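Trainee: Below is the file data_28.txt, which contains compact mmCIF, C-alpha atoms.
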# COMPACT_ATOMS: atom_id res chain seq x y z
CA THR A 35 53.35 14.63 -43.09
CA THR A 36 51.32 13.03 -40.40
CA THR A 37 51.98 15.97 -38.14
CA THR A 38 51.03 18.58 -40.70
CA THR A 39 47.79 16.82 -41.65
CA THR A 40 46.55 15.88 -38.19
CA THR A 41 47.39 19.04 -36.25
CA PRO A 42 44.86 21.29 -38.00
CA HIS A 43 42.22 18.60 -37.55
CA ALA A 44 43.05 18.25 -33.85
CA SER A 45 43.11 22.04 -33.42
CA SER A 46 39.77 22.33 -35.16
CA SER A 47 38.31 19.63 -32.93
CA ARG A 48 39.58 21.36 -29.83
CA ARG A 49 38.06 24.65 -31.00
CA GLU A 50 34.76 22.90 -31.64
CA GLU A 51 34.90 21.33 -28.19
CA GLU A 52 35.78 24.67 -26.60
CA GLU A 53 32.98 26.42 -28.46
CA LYS A 54 30.60 23.67 -27.42
CA GLU A 55 31.70 23.98 -23.79
CA GLU A 56 31.41 27.78 -23.98
CA LYS A 57 27.91 27.42 -25.39
CA ILE A 58 27.00 25.06 -22.57
CA ASP A 59 28.43 27.50 -20.02
CA ASN A 60 26.54 30.40 -21.60
CA ASP A 61 23.34 28.37 -21.70
CA ALA A 62 23.83 27.39 -18.06
CA HIS A 63 24.46 31.02 -17.14
CA ARG A 64 21.32 32.14 -18.94
CA HIS A 65 19.42 29.30 -17.31
CA LEU A 66 20.66 30.43 -13.89
CA LEU A 67 19.63 34.02 -14.55
CA ALA A 68 16.26 32.89 -15.81
CA ASN A 69 15.68 30.79 -12.71
CA GLU A 70 16.59 33.78 -10.55
CA GLN A 71 13.65 35.61 -12.10
CA ARG A 72 11.16 32.86 -12.86
CA ARG A 73 11.41 30.23 -10.15
CA VAL A 74 8.71 28.17 -11.91
CA ARG A 75 9.87 26.96 -15.32
CA PRO A 76 13.01 28.15 -17.13
CA ASP A 77 11.12 29.19 -20.26
CA ARG A 78 8.43 31.29 -18.57
CA ILE A 79 7.96 34.20 -16.16
CA VAL A 80 4.77 33.49 -14.30
CA GLY A 81 2.77 35.89 -12.15
CA PRO A 82 -0.47 35.48 -10.22
CA LEU A 83 -2.48 36.02 -13.42
CA GLY A 84 -0.47 33.63 -15.58
CA ASP A 85 2.43 34.23 -17.94
CA ILE A 86 4.02 37.66 -17.67
CA GLU A 87 4.53 39.37 -20.99
CA ILE A 88 7.16 42.09 -21.29
CA GLU A 89 7.60 44.64 -24.06
CA ASN A 90 11.32 44.28 -24.73
CA ASP A 91 13.24 47.52 -25.24
CA VAL A 92 10.05 49.51 -24.79
CA GLY A 93 9.29 51.85 -21.94
CA VAL A 94 8.05 55.37 -21.33
CA SER A 95 10.41 57.50 -19.26
CA GLN A 96 7.70 59.91 -18.10
CA PRO A 97 6.01 59.89 -15.72
CA PHE A 98 8.45 58.40 -13.24
CA GLY A 99 7.18 55.65 -10.98
CA VAL A 100 4.51 53.19 -12.04
CA SER A 101 1.83 54.28 -14.49
CA LEU A 102 -0.84 52.76 -16.67
CA VAL A 103 -0.40 52.83 -20.45
CA GLY A 104 -3.64 52.12 -22.25
CA ARG A 105 -5.96 49.84 -20.33
CA LYS A 106 -3.71 47.03 -19.12
CA THR A 107 -0.01 47.87 -19.56
CA LEU A 108 2.06 48.76 -16.51
CA ASN A 109 5.01 51.08 -17.11
CA PHE A 110 7.80 51.38 -14.55
CA SER A 111 10.34 54.20 -14.81
CA VAL A 112 13.12 55.26 -12.46
CA ARG A 113 16.01 57.67 -12.86
CA ALA A 114 19.38 56.31 -11.74
CA PRO A 115 22.02 58.24 -13.74
CA ASN A 116 25.02 56.56 -12.08
CA ALA A 117 23.67 53.00 -12.11
CA GLU A 118 25.03 50.25 -14.32
CA LYS A 119 21.89 48.12 -14.07
CA VAL A 120 18.46 48.22 -12.40
CA LYS A 121 16.13 45.31 -11.64
CA LEU A 122 12.41 45.63 -11.07
CA VAL A 123 11.52 43.51 -8.03
CA LEU A 124 7.92 42.35 -7.65
CA TYR A 125 6.17 40.76 -4.67
CA PHE A 126 2.83 39.12 -5.37
CA ASP A 127 2.09 36.87 -2.39
CA LYS A 128 1.29 39.79 -0.11
CA ASP A 129 -2.03 39.98 1.68
CA GLU A 130 -2.64 43.72 2.04
CA LYS A 131 -5.34 43.11 4.64
CA LYS A 132 -2.86 41.35 6.90
CA ASN A 133 0.14 43.49 5.91
CA ASP A 134 2.37 40.42 5.85
CA SER A 135 5.72 41.15 4.25
CA LEU A 136 7.44 38.57 2.11
CA THR A 137 11.16 38.30 2.66
CA GLU A 138 11.90 36.96 -0.83
CA PRO A 139 10.75 38.63 -4.08
CA THR A 140 8.51 36.68 -6.40
CA ILE A 141 10.09 37.95 -9.61
CA GLN A 142 13.08 40.10 -10.58
CA ILE A 143 13.31 41.54 -14.08
CA ASP A 144 16.09 43.54 -15.73
CA MET A 145 14.97 47.01 -16.81
CA ASN A 146 16.02 48.74 -20.03
CA GLU A 147 18.11 51.90 -19.99
CA THR A 148 16.32 54.53 -22.05
CA ARG A 149 18.09 57.10 -24.18
CA GLU A 150 15.50 59.48 -25.52
CA ASN A 151 16.22 62.37 -27.88
CA GLY A 152 19.92 61.63 -27.91
CA GLY A 153 20.24 61.90 -24.15
CA ASP A 154 22.83 60.27 -21.93
CA GLY A 155 20.49 57.68 -20.54
CA GLY A 156 20.24 57.03 -16.84
CA ILE A 157 16.48 56.35 -16.95
CA PHE A 158 15.49 52.71 -16.62
CA THR A 159 12.10 51.55 -17.82
CA ILE A 160 10.07 48.43 -18.45
CA GLN A 161 6.52 47.71 -19.63
CA ILE A 162 4.53 44.68 -18.57
CA THR A 163 1.50 43.94 -20.71
CA LYS A 164 0.15 40.80 -19.06
CA GLY A 165 0.35 38.65 -15.93
CA VAL A 166 0.71 41.31 -13.23
CA PRO A 167 -2.27 42.60 -11.22
CA LEU A 168 -3.41 46.18 -11.81
CA ARG A 169 -3.85 46.61 -8.07
CA GLY A 170 -1.91 45.76 -4.94
CA ALA A 171 1.34 44.24 -6.20
CA ARG A 172 4.34 45.44 -4.19
CA TYR A 173 7.46 46.54 -5.96
CA GLY A 174 10.90 48.06 -5.55
CA TYR A 175 14.24 48.25 -7.30
CA ARG A 176 17.66 46.67 -6.98
CA VAL A 177 20.22 49.16 -8.26
CA PHE A 178 23.67 47.99 -9.34
CA GLY A 179 26.69 50.25 -9.70
CA HIS A 180 30.31 50.95 -8.87
CA ASN A 181 31.27 52.35 -5.47
CA SER A 182 34.44 54.29 -4.91
CA ARG A 183 35.77 57.09 -2.76
CA GLU A 184 35.99 59.28 -5.85
CA ASN A 185 32.45 58.90 -7.20
CA LYS A 186 30.85 59.04 -3.72
CA GLN A 187 28.23 56.44 -4.70
CA ARG A 188 26.66 54.02 -2.24
CA PHE A 189 25.19 51.23 -4.35
CA ASP A 190 23.99 48.12 -2.52
CA ASP A 191 22.18 45.69 -4.80
CA SER A 192 21.36 43.40 -1.87
CA VAL A 193 18.74 45.93 -0.75
CA VAL A 194 15.35 46.41 -2.39
CA LEU A 195 14.79 50.16 -2.65
CA LEU A 196 11.53 52.05 -2.42
CA ASP A 197 10.54 53.85 -5.61
CA PRO A 198 10.83 57.58 -4.82
CA TYR A 199 7.85 58.17 -7.14
CA ALA A 200 5.66 55.40 -5.71
CA PRO A 201 2.05 56.67 -5.67
CA MET A 202 1.26 54.51 -2.64
CA VAL A 203 3.30 52.60 -0.08
CA SER A 204 2.71 49.14 1.31
CA SER A 205 4.02 48.84 4.84
CA GLY A 206 5.15 45.78 6.72
CA ARG A 207 3.37 47.04 9.81
CA LYS A 208 -0.36 47.51 10.21
CA TYR A 209 -0.81 50.17 12.90
CA PHE A 210 0.96 53.40 13.79
CA GLY A 211 3.61 52.78 16.45
CA GLU A 212 3.42 49.00 16.08
CA GLU A 213 6.72 47.36 16.96
CA HIS A 214 8.49 45.44 14.22
CA LYS A 215 8.51 41.70 14.83
CA VAL A 216 12.32 41.79 14.76
CA LYS A 217 13.27 44.78 16.90
CA ASN A 218 16.88 45.19 15.79
CA GLU A 219 16.97 46.27 12.16
CA ARG A 220 20.28 44.54 11.52
CA ASP A 221 18.58 41.21 12.23
CA ARG A 222 15.70 41.78 9.81
CA PRO A 223 15.49 40.07 6.45
CA ASN A 224 15.08 42.03 3.25
CA PRO A 225 12.80 43.69 2.10
CA PRO A 226 12.46 46.85 4.18
CA ASN A 227 9.27 47.90 5.91
CA VAL A 228 8.09 49.92 2.93
CA LEU A 229 7.70 49.13 -0.76
CA GLY A 230 5.74 50.77 -3.53
CA THR A 231 2.28 49.71 -4.59
CA TYR A 232 -0.48 51.03 -6.85
CA ASP A 233 -4.16 50.80 -7.75
CA PHE A 234 -5.24 51.09 -11.39
CA LYS A 235 -8.23 48.82 -10.92
CA SER A 236 -10.48 50.92 -8.69
CA LYS A 237 -12.61 53.67 -10.16
CA PRO A 238 -11.07 57.17 -10.05
CA PHE A 239 -11.96 59.14 -6.94
CA ASP A 240 -15.10 61.25 -7.42
CA TRP A 241 -14.26 64.84 -6.49
CA ALA A 242 -17.81 65.90 -7.47
CA ASN A 243 -16.35 69.13 -8.93
CA VAL A 244 -15.33 70.28 -5.46
CA ASP A 245 -12.54 72.87 -5.57
CA HIS A 246 -10.65 74.51 -2.74
CA PRO A 247 -12.17 77.76 -1.39
CA ARG A 248 -9.36 80.05 -2.63
CA ILE A 249 -9.33 82.22 0.47
CA ASN A 250 -6.98 85.22 0.36
CA ASP A 251 -3.87 84.84 2.49
CA GLU A 252 -4.72 87.83 4.68
CA ASP A 253 -8.07 86.26 5.56
CA LEU A 254 -6.78 82.84 6.60
CA VAL A 255 -7.35 81.53 10.13
CA ILE A 256 -5.03 78.52 10.25
CA TYR A 257 -5.21 75.53 12.59
CA GLU A 258 -1.91 73.64 12.50
CA THR A 259 -1.86 70.03 13.66
CA THR A 260 -0.64 66.53 12.98
CA VAL A 261 -3.03 63.96 11.58
CA ARG A 262 -2.52 61.52 14.41
CA ALA A 263 -2.29 63.82 17.44
CA PHE A 264 -5.40 65.79 16.49
CA THR A 265 -7.82 62.92 17.06
CA LYS A 266 -5.95 59.98 18.59
CA GLU A 267 -7.47 60.56 22.04
CA ASP A 268 -10.80 61.96 20.84
CA GLU A 269 -13.46 59.86 22.56
CA SER A 270 -16.20 61.42 20.44
CA LEU A 271 -14.93 59.41 17.48
CA ASN A 272 -15.10 55.71 16.69
CA VAL A 273 -11.91 54.10 17.94
CA ASN A 274 -11.23 52.61 14.50
CA ILE A 275 -10.79 56.00 12.84
CA ARG A 276 -8.96 57.94 15.54
CA GLY A 277 -5.63 59.31 14.33
CA SER A 278 -6.56 58.90 10.67
CA PHE A 279 -7.39 61.07 7.66
CA LEU A 280 -11.04 60.11 8.08
CA ALA A 281 -11.03 61.41 11.64
CA ILE A 282 -10.06 64.90 10.49
CA ALA A 283 -12.96 64.82 8.03
CA GLU A 284 -15.25 64.07 10.99
CA LYS A 285 -14.05 67.20 12.83
CA VAL A 286 -15.35 69.73 10.30
CA LYS A 287 -18.04 71.12 12.62
CA TYR A 288 -15.53 71.51 15.45
CA LEU A 289 -13.18 73.46 13.18
CA LYS A 290 -15.97 75.65 11.81
CA ASP A 291 -17.17 76.43 15.34
CA LEU A 292 -13.65 77.64 16.16
CA GLY A 293 -13.77 80.02 13.22
CA VAL A 294 -11.01 78.15 11.39
CA ASN A 295 -10.94 78.35 7.59
CA ALA A 296 -7.66 76.54 6.92
CA VAL A 297 -6.02 73.40 8.28
CA GLU A 298 -2.26 73.08 8.00
CA LEU A 299 -1.11 69.49 8.37
CA LEU A 300 2.37 68.47 9.37
CA PRO A 301 3.82 66.00 6.83
CA VAL A 302 1.20 63.56 5.59
CA PHE A 303 3.55 61.55 3.36
CA GLU A 304 4.96 58.11 4.12
CA PHE A 305 7.51 58.18 6.95
CA ASP A 306 8.89 55.74 9.49
CA GLU A 307 7.49 56.73 12.85
CA MET A 308 9.71 54.08 14.44
CA GLU A 309 12.96 55.53 13.06
CA PHE A 310 14.42 56.18 16.52
CA LYS A 311 13.88 52.54 17.48
CA ARG A 312 15.82 51.08 14.55
CA PHE A 313 19.02 50.49 16.53
CA PRO A 314 18.04 50.14 20.23
CA ASP A 315 21.41 48.67 21.25
CA ASP A 316 23.59 51.00 19.21
CA GLN A 317 27.04 51.81 20.55
CA ASP A 318 26.47 55.46 19.71
CA GLU A 319 24.89 57.09 22.76
CA ARG A 320 23.10 59.64 20.56
CA TYR A 321 20.98 56.88 19.01
CA ARG A 322 20.35 55.05 22.28
CA ALA A 323 19.16 58.27 23.92
CA ARG A 324 16.28 58.55 21.42
CA SER A 325 15.40 54.85 21.19
CA HIS A 326 12.30 55.30 23.38
CA MET A 327 10.80 57.95 21.08
CA ILE A 328 8.21 57.70 18.31
CA ASN A 329 8.11 60.26 15.51
CA THR A 330 4.58 61.66 15.55
CA TRP A 331 5.29 64.85 13.61
CA GLY A 332 5.92 63.15 10.31
CA TYR A 333 9.26 64.56 9.29
CA SER A 334 11.94 62.28 7.76
CA THR A 335 9.77 61.71 4.69
CA LEU A 336 10.34 58.48 2.75
CA SER A 337 8.05 59.10 -0.23
CA PHE A 338 6.69 62.50 -1.24
CA PHE A 339 3.93 61.10 -3.47
CA ALA A 340 2.39 58.53 -1.12
CA PRO A 341 0.04 59.40 1.76
CA MET A 342 1.13 57.89 5.07
CA SER A 343 -0.18 54.31 4.98
CA LYS A 344 -0.70 54.14 8.74
CA TYR A 345 -2.96 57.20 8.62
CA ALA A 346 -5.57 54.94 7.03
CA SER A 347 -8.44 54.00 9.31
CA ASN A 348 -8.84 50.64 11.02
CA GLY A 349 -5.34 49.36 10.29
CA GLY A 350 -5.67 49.96 6.57
CA ASN A 351 -2.98 50.12 3.91
CA GLY A 352 -1.45 52.49 1.40
CA ILE A 353 -4.31 52.10 -1.07
CA ASP A 354 -6.89 52.89 1.62
CA ALA A 355 -4.80 55.82 2.84
CA ALA A 356 -4.76 57.41 -0.62
CA LYS A 357 -8.55 57.18 -0.93
CA GLU A 358 -9.19 58.45 2.60
CA PHE A 359 -6.77 61.35 2.16
CA LYS A 360 -8.73 62.49 -0.90
CA TYR A 361 -11.99 62.11 1.02
CA MET A 362 -10.59 64.27 3.85
CA VAL A 363 -9.52 67.02 1.44
CA LYS A 364 -12.85 66.94 -0.39
CA THR A 365 -14.82 67.14 2.87
CA LEU A 366 -12.79 70.08 4.19
CA HIS A 367 -13.08 71.96 0.90
CA GLN A 368 -16.84 71.41 0.80
CA ALA A 369 -16.99 73.07 4.21
CA GLY A 370 -15.00 76.08 3.00
CA ILE A 371 -11.76 75.03 4.74
CA GLU A 372 -8.45 75.24 2.91
CA VAL A 373 -5.90 72.42 3.27
CA ILE A 374 -2.23 73.39 3.57
CA LEU A 375 0.47 70.70 3.56
CA ASP A 376 3.80 71.03 5.35
CA VAL A 377 6.39 69.81 2.83
CA VAL A 378 10.07 69.78 3.83
CA TYR A 379 12.46 68.61 1.12
CA ASN A 380 15.61 68.99 3.21
CA HIS A 381 14.42 66.70 6.01
CA THR A 382 14.04 63.26 4.47
CA GLY A 383 14.52 59.69 5.61
CA GLU A 384 18.16 59.27 4.60
CA SER A 385 20.66 58.86 7.41
CA THR A 386 24.33 57.94 7.34
CA ASP A 387 26.27 55.38 5.27
CA ASP A 388 25.62 52.63 7.78
CA ARG A 389 22.05 53.72 8.53
CA PRO A 390 20.43 54.37 5.14
Write out the structure in this file as structure tokens.
Mentor:
Amino acid sequence: TTTTTTTPHASSSRREEEEKEEKIDNDAHRHLLANEQRRVRPDRIVGPLGDIEIENDVGVSQPFGVSLVGRKTLNFSVRAPNAEKVKLVLYFDKDEKKNDSLTEPTIQIDMNETRENGGDGGIFTIQITKGVPLRGARYGYRVFGHNSRENKQRFDDSVVLLDPYAPMVSSGRKYFGEEHKVKNERDRPNPPNVLGTYDFKSKPFDWANVDHPRINDEDLVIYETTVRAFTKEDESLNVNIRGSFLAIAEKVKYLKDLGVNAVELLPVFEFDEMEFKRFPDDQDERYRARSHMINTWGYSTLSFFAPMSKYASNGGNGIDAAKEFKYMVKTLHQAGIEVILDVVYNHTGESTDDRP
């Protein structure tokens, strides 16, 4: 009798203890995950403007990249159809004027997988309504997934990835051709040299109703050049703008005197001009043979929506580069000169499995 009456009670107690321990473990796990993101207090996510407020399970899939919804809401959207999870990674303590890269993210936030109109998903979004600056924050993504020989995926969630739709890029280096502080890439901490950034705080660029001249193809007289090489050694220009978008705008009279009515620019999008110097001591002779070279043409594009940050004048940044690129285009169009961009989609910055 004793056995039959006490056993259920003991079993119930054990279950209660196990459930209590499981709850403690779950709470500890959630606490650990929260601390991974918040790093300030476990019940808050804090940014440079105070508490960060997130619209749970809400996000707009289009447009991709970062966009502004309403007046103050930031929307992040990225397509990763084979991913199991995506984290938005934000860096706030970055001084754009100094181009100092943080090695540790300030905040990491899980994104929501969006399934719109009965689709299969694969688009990850998140909306932040408060606490994040509308200008200058740096961001990227950690993408989690399963790697196998069969699915041919190469997920590495230890790496913070550049948003392929980033409207601007923030670089860890200030000037074109500047050596990285740690020469061998394998010895560098994360993040990479380039991360996305944005500017929804500045006033929209004033195009003053300037349109391109619309010159017929058969009448074009085209001058093809690279942004940097065209003016880098031009002593008629201020040294602070040589090799920049602004420098091309200053050469309008020169181009008109030549009889040119179109400028074709080799790639103007973000690229790593130091790509050949990434592995100076590589065992592969093919890489060592090019380790003295700098890419001045601009191929190996990293981001097709962001003007090259190091084409900004006076050691500027991605935000400055975007403004100065627009100024260059506007100035050339005002002078009756078309602008043609060299865009090569089959020559991008990807390399091999061990050199992504």
Trainee: Glu384 of chain A: which residues within 12 Å, counting only C-alpha atoms, same-chain residues fewer than 6 positions away excluded, as a ChimeraX atom specification?
Mentor: /A:305-306,309,333-337,390
Trainee: My list of candidates is A:Phe189, A:Phe303, A:Phe158, A:Phe359. Which is closest to Phe239 of chain A when distances are computed with all atoms listed in the file?
Mentor: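 Closest to Phe239 of chain A, using all atoms listed in the file: A:Phe359.
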Trainee: What lies within 9 Å of Leu124 of chain A using only C-alpha atoms, ignoring chain neighbours under 2 positions off, as a PyMOL selection string?
Mentor: chain A and resi 122+126+139-143+171-175
Trainee: Would you mind listing what lies within 12 Å of Arg169 of chain A as a PDB file with C-alpha atoms, keeping the file's coordinate frame, with only C-alpha atoms counted and same-chain residues fewer than 6 positions away left out?
Mentor:
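That gives us around.pdb:
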ATOM      1  CA  PRO A  82      -0.470  35.480 -10.220  1.00  0.00           C
ATOM      2  CA  LEU A  83      -2.480  36.020 -13.420  1.00  0.00           C
ATOM      3  CA  VAL A 100       4.510  53.190 -12.040  1.00  0.00           C
ATOM      4  CA  SER A 101       1.830  54.280 -14.490  1.00  0.00           C
ATOM      5  CA  LEU A 102      -0.840  52.760 -16.670  1.00  0.00           C
ATOM      6  CA  LYS A 106      -3.710  47.030 -19.120  1.00  0.00           C
ATOM      7  CA  LEU A 108       2.060  48.760 -16.510  1.00  0.00           C
ATOM      8  CA  PHE A 126       2.830  39.120  -5.370  1.00  0.00           C
ATOM      9  CA  LYS A 128       1.290  39.790  -0.110  1.00  0.00           C
ATOM     10  CA  ASP A 129      -2.030  39.980   1.680  1.00  0.00           C
ATOM     11  CA  GLU A 130      -2.640  43.720   2.040  1.00  0.00           C
ATOM     12  CA  PRO A 201       2.050  56.670  -5.670  1.00  0.00           C
ATOM     13  CA  MET A 202       1.260  54.510  -2.640  1.00  0.00           C
ATOM     14  CA  SER A 204       2.710  49.140   1.310  1.00  0.00           C
ATOM     15  CA  GLY A 230       5.740  50.770  -3.530  1.00  0.00           C
ATOM     16  CA  THR A 231       2.280  49.710  -4.590  1.00  0.00           C
ATOM     17  CA  TYR A 232      -0.480  51.030  -6.850  1.00  0.00           C
ATOM     18  CA  ASP A 233      -4.160  50.800  -7.750  1.00  0.00           C
ATOM     19  CA  PHE A 234      -5.240  51.090 -11.390  1.00  0.00           C
ATOM     20  CA  LYS A 235      -8.230  48.820 -10.920  1.00  0.00           C
ATOM     21  CA  SER A 236     -10.480  50.920  -8.690  1.00  0.00           C
ATOM     22  CA  LYS A 237     -12.610  53.670 -10.160  1.00  0.00           C
ATOM     23  CA  GLY A 352      -1.450  52.490   1.400  1.00  0.00           C
ATOM     24  CA  ILE A 353      -4.310  52.100  -1.070  1.00  0.00           C
ATOM     25  CA  ASP A 354      -6.890  52.890   1.620  1.00  0.00           C
TER      26      ASP A 354
END
Trainee: Within 12 Å of Ile162 of chain A, counting all atoms listed in the file, which residues qualify if same-chain residues fewer than 4 places away don't, as an NGL selection string?
Mentor: :A and (79-81 or 85-94 or 100-111 or 122 or 124 or 143-145 or 166-168)
Trainee: Compare A:Ser95, A:Glu284, A:Ala242, A:Asn116 by their minimum atom-to-atom distance to Lys186 of chain A, counting only C-alpha atoms, and give me the closest one.
Mentor: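 Using only C-alpha atoms, the shortest distance to Lys186 of chain A belongs to A:Asn116.
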